[in-house]
$ cat protein17.cif   # mmCIF, C-alpha atoms
data_final
loop_
_atom_site.label_atom_id
_atom_site.label_comp_id
_atom_site.auth_asym_id
_atom_site.auth_seq_id
_atom_site.Cartn_x
_atom_site.Cartn_y
_atom_site.Cartn_z
CA MET E 1 93.60 123.22 123.48
CA THR E 2 92.02 122.51 120.09
CA ALA E 3 93.99 124.22 117.32
CA ILE E 4 91.80 125.34 114.43
CA GLY E 5 93.29 126.92 111.33
CA ILE E 6 91.27 128.96 108.83
CA VAL E 7 93.28 129.61 105.68
CA LEU E 8 93.26 133.04 104.04
CA PHE E 9 94.24 133.98 100.49
CA PRO E 10 93.63 137.07 98.33
CA ARG E 11 89.99 137.48 97.23
CA PHE E 12 88.59 134.90 99.63
CA THR E 13 84.93 135.37 100.57
CA GLN E 14 84.98 136.77 104.08
CA LEU E 15 81.74 135.10 105.25
CA ASP E 16 83.17 131.71 104.27
CA ALA E 17 85.86 132.32 106.88
CA MET E 18 84.24 134.68 109.37
CA GLY E 19 81.00 132.71 109.74
CA PRO E 20 82.88 129.66 111.06
CA PHE E 21 85.31 131.91 112.96
CA GLU E 22 82.45 133.54 114.88
CA VAL E 23 81.21 130.15 116.03
CA LEU E 24 84.46 128.26 116.54
CA ALA E 25 86.28 131.08 118.34
CA ARG E 26 83.63 130.77 121.09
CA LEU E 27 84.21 127.03 121.48
CA PRO E 28 85.61 126.22 124.96
CA GLY E 29 89.25 125.22 124.75
CA ALA E 30 89.67 126.23 121.11
CA GLN E 31 92.25 128.53 119.57
CA VAL E 32 91.48 129.71 116.04
CA HIS E 33 94.41 130.70 113.83
CA LEU E 34 93.96 132.81 110.70
CA VAL E 35 96.67 131.38 108.48
CA ALA E 36 98.20 132.91 105.35
CA SER E 37 101.40 132.66 103.33
CA THR E 38 102.77 135.86 104.94
CA GLY E 39 101.80 138.12 107.81
CA ASP E 40 100.57 140.82 105.45
CA PRO E 41 96.88 141.82 105.52
CA VAL E 42 94.71 139.76 103.16
CA VAL E 43 91.95 141.49 101.20
CA SER E 44 88.69 139.64 100.61
CA ASP E 45 86.71 139.69 97.37
CA THR E 46 84.57 142.53 98.72
CA GLY E 47 87.43 144.61 100.12
CA LEU E 48 87.39 143.57 103.77
CA THR E 49 90.99 143.44 105.04
CA VAL E 50 91.94 140.71 107.51
CA VAL E 51 95.27 140.41 109.32
CA PRO E 52 96.52 136.80 109.61
CA SER E 53 97.56 135.60 113.04
CA VAL E 54 100.18 133.15 111.79
CA THR E 55 102.00 132.20 108.59
CA PHE E 56 102.06 128.81 106.88
CA GLU E 57 105.63 128.31 108.09
CA ALA E 58 104.95 129.20 111.72
CA CYS E 59 101.54 127.53 112.02
CA PRO E 60 101.41 124.81 114.68
CA ALA E 61 99.99 121.37 113.99
CA LEU E 62 96.25 121.79 113.52
CA ASP E 63 93.45 119.66 114.89
CA VAL E 64 91.08 121.26 112.37
CA LEU E 65 92.06 122.55 108.94
CA CYS E 66 89.45 124.80 107.33
CA VAL E 67 89.61 126.30 103.85
CA PRO E 68 87.15 129.00 102.73
CA GLY E 69 86.31 129.74 99.12
CA GLY E 70 85.81 132.84 97.02
CA PRO E 71 86.77 134.14 93.58
CA GLY E 72 90.45 133.99 94.50
CA GLN E 73 90.23 130.24 94.95
CA VAL E 74 90.62 129.71 91.20
CA ASP E 75 93.90 131.63 91.20
CA HIS E 76 95.36 129.29 93.85
CA MET E 77 94.57 125.91 92.33
CA THR E 78 98.26 125.54 91.45
CA ASP E 79 99.66 127.59 94.35
CA GLY E 80 102.57 125.42 95.55
CA PRO E 81 103.04 126.88 99.05
CA LEU E 82 99.29 126.87 99.78
CA LEU E 83 98.68 123.34 98.51
CA ASP E 84 101.80 122.07 100.29
CA PHE E 85 100.50 123.59 103.52
CA LEU E 86 97.12 121.90 103.05
CA ARG E 87 98.74 118.53 102.39
CA ARG E 88 101.10 118.85 105.35
CA GLN E 89 98.41 119.89 107.82
CA GLY E 90 95.82 117.55 106.32
CA GLU E 91 97.96 114.51 107.09
CA GLY E 92 97.70 114.98 110.83
CA ALA E 93 94.52 116.99 111.33
CA ARG E 94 91.61 115.40 113.13
CA PHE E 95 89.22 117.11 110.72
CA VAL E 96 89.92 118.40 107.21
CA THR E 97 87.21 120.85 106.26
CA SER E 98 86.09 123.55 103.85
CA VAL E 99 83.36 126.03 103.07
CA CYS E 100 82.05 126.83 99.60
CA THR E 101 84.69 126.54 96.84
CA GLY E 102 87.37 125.89 99.43
CA SER E 103 86.61 122.22 98.78
CA LEU E 104 88.18 122.61 95.33
CA LEU E 105 91.44 123.68 96.97
CA LEU E 106 91.30 120.60 99.18
CA ALA E 107 90.65 118.58 96.04
CA ALA E 108 93.60 120.16 94.23
CA ALA E 109 95.77 119.15 97.19
CA GLY E 110 94.56 115.56 96.80
CA LEU E 111 92.66 115.59 100.08
CA LEU E 112 89.18 114.69 98.79
CA ASP E 113 89.97 111.77 96.50
CA GLY E 114 87.45 109.05 97.36
CA TYR E 115 85.40 111.26 99.70
CA ARG E 116 81.88 112.62 99.43
CA ALA E 117 81.96 116.41 99.48
CA THR E 118 80.02 119.53 98.62
CA SER E 119 80.74 123.05 97.42
CA HIS E 120 78.96 126.06 95.96
CA TRP E 121 76.17 124.87 93.64
CA SER E 122 77.87 126.43 90.60
CA VAL E 123 80.98 124.23 90.88
CA ARG E 124 79.91 121.26 92.98
CA ASP E 125 80.01 118.87 90.02
CA HIS E 126 83.66 119.82 89.38
CA LEU E 127 84.65 117.82 92.46
CA ALA E 128 84.19 114.63 90.45
CA TRP E 129 87.15 115.61 88.25
CA PHE E 130 89.35 115.25 91.33
CA GLY E 131 88.06 111.87 92.44
CA ALA E 132 85.55 113.18 94.98
CA GLU E 133 81.85 112.35 95.01
CA PRO E 134 79.81 115.56 94.63
CA THR E 135 76.97 115.54 97.15
CA GLU E 136 74.08 117.97 97.17
CA ALA E 137 73.72 118.92 100.83
CA ARG E 138 74.34 121.96 102.96
CA VAL E 139 76.91 120.12 105.08
CA VAL E 140 78.53 116.81 104.13
CA ARG E 141 80.58 114.61 106.44
CA ASP E 142 82.55 111.64 105.15
CA ARG E 143 84.82 110.18 107.81
CA ASN E 144 87.02 113.10 108.94
CA ARG E 145 86.18 115.33 105.97
CA ILE E 146 83.46 117.93 106.61
CA THR E 147 82.54 120.27 103.77
CA GLY E 148 80.00 123.09 103.69
CA GLY E 149 78.06 124.39 100.71
CA GLY E 150 78.09 127.95 99.47
CA VAL E 151 79.02 130.89 101.73
CA THR E 152 76.24 130.98 104.37
CA ALA E 153 76.42 127.19 104.74
CA GLY E 154 79.66 127.86 106.59
CA ILE E 155 77.62 128.75 109.67
CA ASP E 156 75.74 125.44 109.61
CA PHE E 157 79.06 123.73 108.97
CA ALA E 158 80.57 125.43 112.03
CA PHE E 159 77.80 124.23 114.35
CA THR E 160 78.18 120.71 112.92
CA LEU E 161 81.91 120.83 113.64
CA ALA E 162 81.34 122.32 117.08
CA ALA E 163 79.14 119.35 117.96
CA GLU E 164 81.87 116.97 116.83
CA LEU E 165 84.48 118.76 118.93
CA ALA E 166 82.52 119.56 122.09
CA GLY E 167 79.18 117.77 121.88
CA PRO E 168 75.67 118.70 120.69
CA GLU E 169 74.76 120.54 123.90
CA VAL E 170 77.68 122.94 123.57
CA ALA E 171 76.91 123.48 119.89
CA GLN E 172 73.28 124.23 120.71
CA GLY E 173 74.37 126.63 123.43
CA LEU E 174 76.54 128.50 120.96
CA GLN E 175 73.65 128.58 118.50
CA LEU E 176 71.37 130.05 121.12
CA GLY E 177 73.96 132.59 122.25
CA LEU E 178 74.40 133.75 118.67
CA GLU E 179 70.62 133.63 118.10
CA TYR E 180 71.13 131.66 114.91
CA ASP E 181 67.53 131.15 113.79
CA PRO E 182 67.56 131.89 110.05
CA GLN E 183 64.25 132.95 108.55
CA PRO E 184 65.13 134.34 105.12
CA PRO E 185 62.61 136.63 103.43
CA TYR E 186 62.79 134.61 100.22
CA SER E 187 63.13 130.93 99.34
CA SER E 188 65.64 131.56 96.59
CA GLY E 189 68.82 130.26 98.20
CA THR E 190 69.33 127.26 95.91
CA PRO E 191 68.82 126.58 92.20
CA ALA E 192 66.00 124.22 93.17
CA THR E 193 64.04 126.84 95.07
CA ALA E 194 64.88 130.08 93.24
CA PRO E 195 62.37 131.40 90.70
CA ARG E 196 63.40 130.51 87.17
CA GLU E 197 63.98 134.12 86.17
CA VAL E 198 66.23 134.68 89.20
CA LEU E 199 68.28 131.58 88.45
CA GLU E 200 68.64 132.64 84.82
CA MET E 201 69.69 136.15 85.86
CA VAL E 202 72.35 134.94 88.31
CA THR E 203 73.62 132.29 85.92
CA ALA E 204 73.97 134.88 83.16
CA MET E 205 75.78 137.28 85.48
CA ARG E 206 78.23 134.55 86.51
CA ALA E 207 78.61 132.93 83.08
CA GLU E 208 82.07 134.26 82.26
CA ARG E 209 83.43 133.50 85.72
CA MET E 210 81.88 130.02 85.70
CA ALA E 211 83.39 129.24 82.30
CA ARG E 212 86.87 130.30 83.42
CA THR E 213 86.49 128.40 86.67
CA ALA E 214 85.51 125.21 84.85
CA GLU E 215 88.45 125.61 82.47
CA VAL E 216 90.93 125.98 85.34
CA HIS E 217 89.48 123.15 87.40
CA ARG E 218 89.46 120.75 84.45
CA ALA E 219 93.04 121.63 83.51
CA VAL E 220 94.33 121.15 87.06
CA ALA E 221 92.48 117.85 87.41
CA GLU E 222 93.97 116.60 84.15
CA GLN E 223 97.46 117.60 85.28
CA LEU E 224 97.01 115.72 88.54
CA ARG E 225 95.80 112.60 86.75
CA ALA E 226 98.77 112.79 84.38
CA ARG E 227 101.18 112.86 87.33
CA GLU E 228 99.48 109.89 88.94
CA THR E 229 99.48 107.76 85.78
CA PRO E 230 102.57 105.50 85.81
CA ALA E 231 104.87 105.71 82.81
CA PRO E 232 104.66 102.70 80.44
#
$ encode --input "protein17.cif" --output "structure tokens"
Amino acid sequence: MTAIGIVLFPRFTQLDAMGPFEVLARLPGAQVHLVASTGDPVVSDTGLTVVPSVTFEACPALDVLCVPGGPGQVDHMTDGPLLDFLRRQGEGARFVTSVCTGSLLLAAAGLLDGYRATSHWSVRDHLAWFGAEPTEARVVRDRNRITGGGVTAGIDFAFTLAAELAGPEVAQGLQLGLEYDPQPPYSSGTPATAPREVLEMVTAMRAERMARTAEVHRAVAEQLRARETPAP
């Protein structure tokens, strides 16, 4: 049995977690745990309520650790119990993974130092502050670290992981069964392809959040570096 743990926290983005869940829960021989600090329902950033299946304390050793992102990620960059859980499970997991801004939580736990990784386009460069190498790709694998880009990239990430766990044929079978054949009506899914006015609109709408996020990420990264610097 392959134990897969998807971590939940208040104001996570549900598609970051549920996209991979939908794929990985269908993987032969896999058991997917929805893990949170307590057994209480966790509310996503859009109001969807999800009930965890296991707590940090009771979670078994995981073969795959997966961390979603979302607006709440910023609030947990110094969350002791969450980061301790990531470090503890990350030590023994076969794959340490994330979707969207979940990679910043892995980074805050010290699990991406020296690894190539990706995240949502708005914060991808912040990974460098934590010793990771920001990489512009929908899915990035570096040794046993697999990170997905923003939100919908979690589905591509899940098929990539499924192939690693059960082989390409099984992954393709799951893709066919789920009829995953994306044909978006617009080519505006990245800053490189979005019309300039759309990019400017979205950037303006997110400006305050992006500024606060950068401030928190930089502060946490500086604190980590200070701890790692030996005293004279």
$ axis_aligned_box --input "protein17.cif" --around "segment 93-109 of chain E" --padding-each-side "5 Å" --output "JSON"
{"center_x": 88.9, "center_y": 121.1, "center_z": 103.7, "size_x": 23.7, "size_y": 21.4, "size_z": 28.9}
$ resolve_selection --input "protein17.cif" --expression "the PyMOL selection byres ((chain E and resi 76-90) around 8)" --output "MDAnalysis selection string"
chainID E and resid 37 56 61:62 65 72:75 91:93 95:96 104:106 108:111 216:217 220
$ write_last_selection --input "protein17.cif" --atoms "C-alpha atoms" --output "PDB file, keeping the file's coordinate frame"
ATOM      1  CA  SER E  37     101.400 132.660 103.330  1.00  0.00           C
ATOM      2  CA  PHE E  56     102.060 128.810 106.880  1.00  0.00           C
ATOM      3  CA  ALA E  61      99.990 121.370 113.990  1.00  0.00           C
ATOM      4  CA  LEU E  62      96.250 121.790 113.520  1.00  0.00           C
ATOM      5  CA  LEU E  65      92.060 122.550 108.940  1.00  0.00           C
ATOM      6  CA  GLY E  72      90.450 133.990  94.500  1.00  0.00           C
ATOM      7  CA  GLN E  73      90.230 130.240  94.950  1.00  0.00           C
ATOM      8  CA  VAL E  74      90.620 129.710  91.200  1.00  0.00           C
ATOM      9  CA  ASP E  75      93.900 131.630  91.200  1.00  0.00           C
ATOM     10  CA  GLU E  91      97.960 114.510 107.090  1.00  0.00           C
ATOM     11  CA  GLY E  92      97.700 114.980 110.830  1.00  0.00           C
ATOM     12  CA  ALA E  93      94.520 116.990 111.330  1.00  0.00           C
ATOM     13  CA  PHE E  95      89.220 117.110 110.720  1.00  0.00           C
ATOM     14  CA  VAL E  96      89.920 118.400 107.210  1.00  0.00           C
ATOM     15  CA  LEU E 104      88.180 122.610  95.330  1.00  0.00           C
ATOM     16  CA  LEU E 105      91.440 123.680  96.970  1.00  0.00           C
ATOM     17  CA  LEU E 106      91.300 120.600  99.180  1.00  0.00           C
ATOM     18  CA  ALA E 108      93.600 120.160  94.230  1.00  0.00           C
ATOM     19  CA  ALA E 109      95.770 119.150  97.190  1.00  0.00           C
ATOM     20  CA  GLY E 110      94.560 115.560  96.800  1.00  0.00           C
ATOM     21  CA  LEU E 111      92.660 115.590 100.080  1.00  0.00           C
ATOM     22  CA  VAL E 216      90.930 125.980  85.340  1.00  0.00           C
ATOM     23  CA  HIS E 217      89.480 123.150  87.400  1.00  0.00           C
ATOM     24  CA  VAL E 220      94.330 121.150  87.060  1.00  0.00           C
TER      25      VAL E 220
END
$ closest_residue --input "protein17.cif" --among "E:Ile155, E:Met1, E:Val42, E:Ala221" --to "Gly131 of chain E" --atoms "all atoms listed in the file"
E:Ala221
$ atom_distance --input "protein17.cif" --atom1 "atom CA of Leu165 of chain E" --atom2 "atom CA of Arg145 of chain E"
13.5 Å
$ atom_distance --input "protein17.cif" --atom1 "atom CA of Tyr115 of chain E" --atom2 "atom CA of Glu57 of chain E"
27.8 Å
$ closest_atom_pairs --input "protein17.cif" --of "segment 169-207 of chain E" --to "segment 18-27 of chain E" --cutoff "10 Å" --atoms "all atoms listed in the file" --output "CSV"
residue,atom,partner,partner_atom,distance
E:Val170,CA,E:Leu27,CA,8.0
E:Ala171,CA,E:Leu27,CA,8.3
E:Leu174,CA,E:Val23,CA,7.0
E:Gln175,CA,E:Val23,CA,8.1
E:Gly177,CA,E:Val23,CA,9.9
E:Leu178,CA,E:Val23,CA,8.1
$ residues_around --input "protein17.cif" --residues "Phe157 of chain E" --least-positions-apart "3" --cutoff "7 Å" --atoms "only C-alpha atoms" --output "list in words"
Val139, Gly148, Ala153, Gly154, Thr160 and Leu161 of chain E
$ atom_distance --input "protein17.cif" --atom1 "atom CA of Leu199 of chain E" --atom2 "atom CA of Ala219 of chain E"
27.1 Å
$ closest_residue --input "protein17.cif" --among "E:Gly39, E:Phe130, E:Asp156, E:Asp45" --to "Gln223 of chain E" --atoms "only C-alpha atoms"
E:Phe130
$ resolve_selection --input "protein17.cif" --expression "the PyMOL selection byres ((chain E and resi 100) around 8)" --output "NGL selection string"
:E and (16 or 68-70 or 98-99 or 101-103 or 118-120 or 147-151 or 153-154)
$ resolve_selection --input "protein17.cif" --expression "the PyMOL selection byres ((chain E and resi 38) around 10)" --output "ChimeraX atom specification"
/E:8-9,35-37,39-42,51-58
$ residues_around --input "protein17.cif" --residues "segment 189-193 of chain E" --least-positions-apart "4" --cutoff "12 Å" --atoms "only C-alpha atoms" --output "ChimeraX atom specification"
/E:120-122,136-138,149-153,183-185,197-203
$ write_last_selection --input "protein17.cif" --atoms "C-alpha atoms" --output "CSV table (one decimal), in the coordinates of the input"
chain,number,residue,atom,x,y,z
E,120,HIS,CA,79.0,126.1,96.0
E,121,TRP,CA,76.2,124.9,93.6
E,122,SER,CA,77.9,126.4,90.6
E,136,GLU,CA,74.1,118.0,97.2
E,137,ALA,CA,73.7,118.9,100.8
E,138,ARG,CA,74.3,122.0,103.0
E,149,GLY,CA,78.1,124.4,100.7
E,150,GLY,CA,78.1,128.0,99.5
E,151,VAL,CA,79.0,130.9,101.7
E,152,THR,CA,76.2,131.0,104.4
E,153,ALA,CA,76.4,127.2,104.7
E,183,GLN,CA,64.2,133.0,108.6
E,184,PRO,CA,65.1,134.3,105.1
E,185,PRO,CA,62.6,136.6,103.4
E,197,GLU,CA,64.0,134.1,86.2
E,198,VAL,CA,66.2,134.7,89.2
E,199,LEU,CA,68.3,131.6,88.4
E,200,GLU,CA,68.6,132.6,84.8
E,201,MET,CA,69.7,136.2,85.9
E,202,VAL,CA,72.4,134.9,88.3
E,203,THR,CA,73.6,132.3,85.9
$ closest_residue --input "protein17.cif" --among "E:Ala107, E:Cys59, E:Ala162, E:Leu224" --to "Pro28 of chain E" --atoms "only C-alpha atoms"
E:Ala162
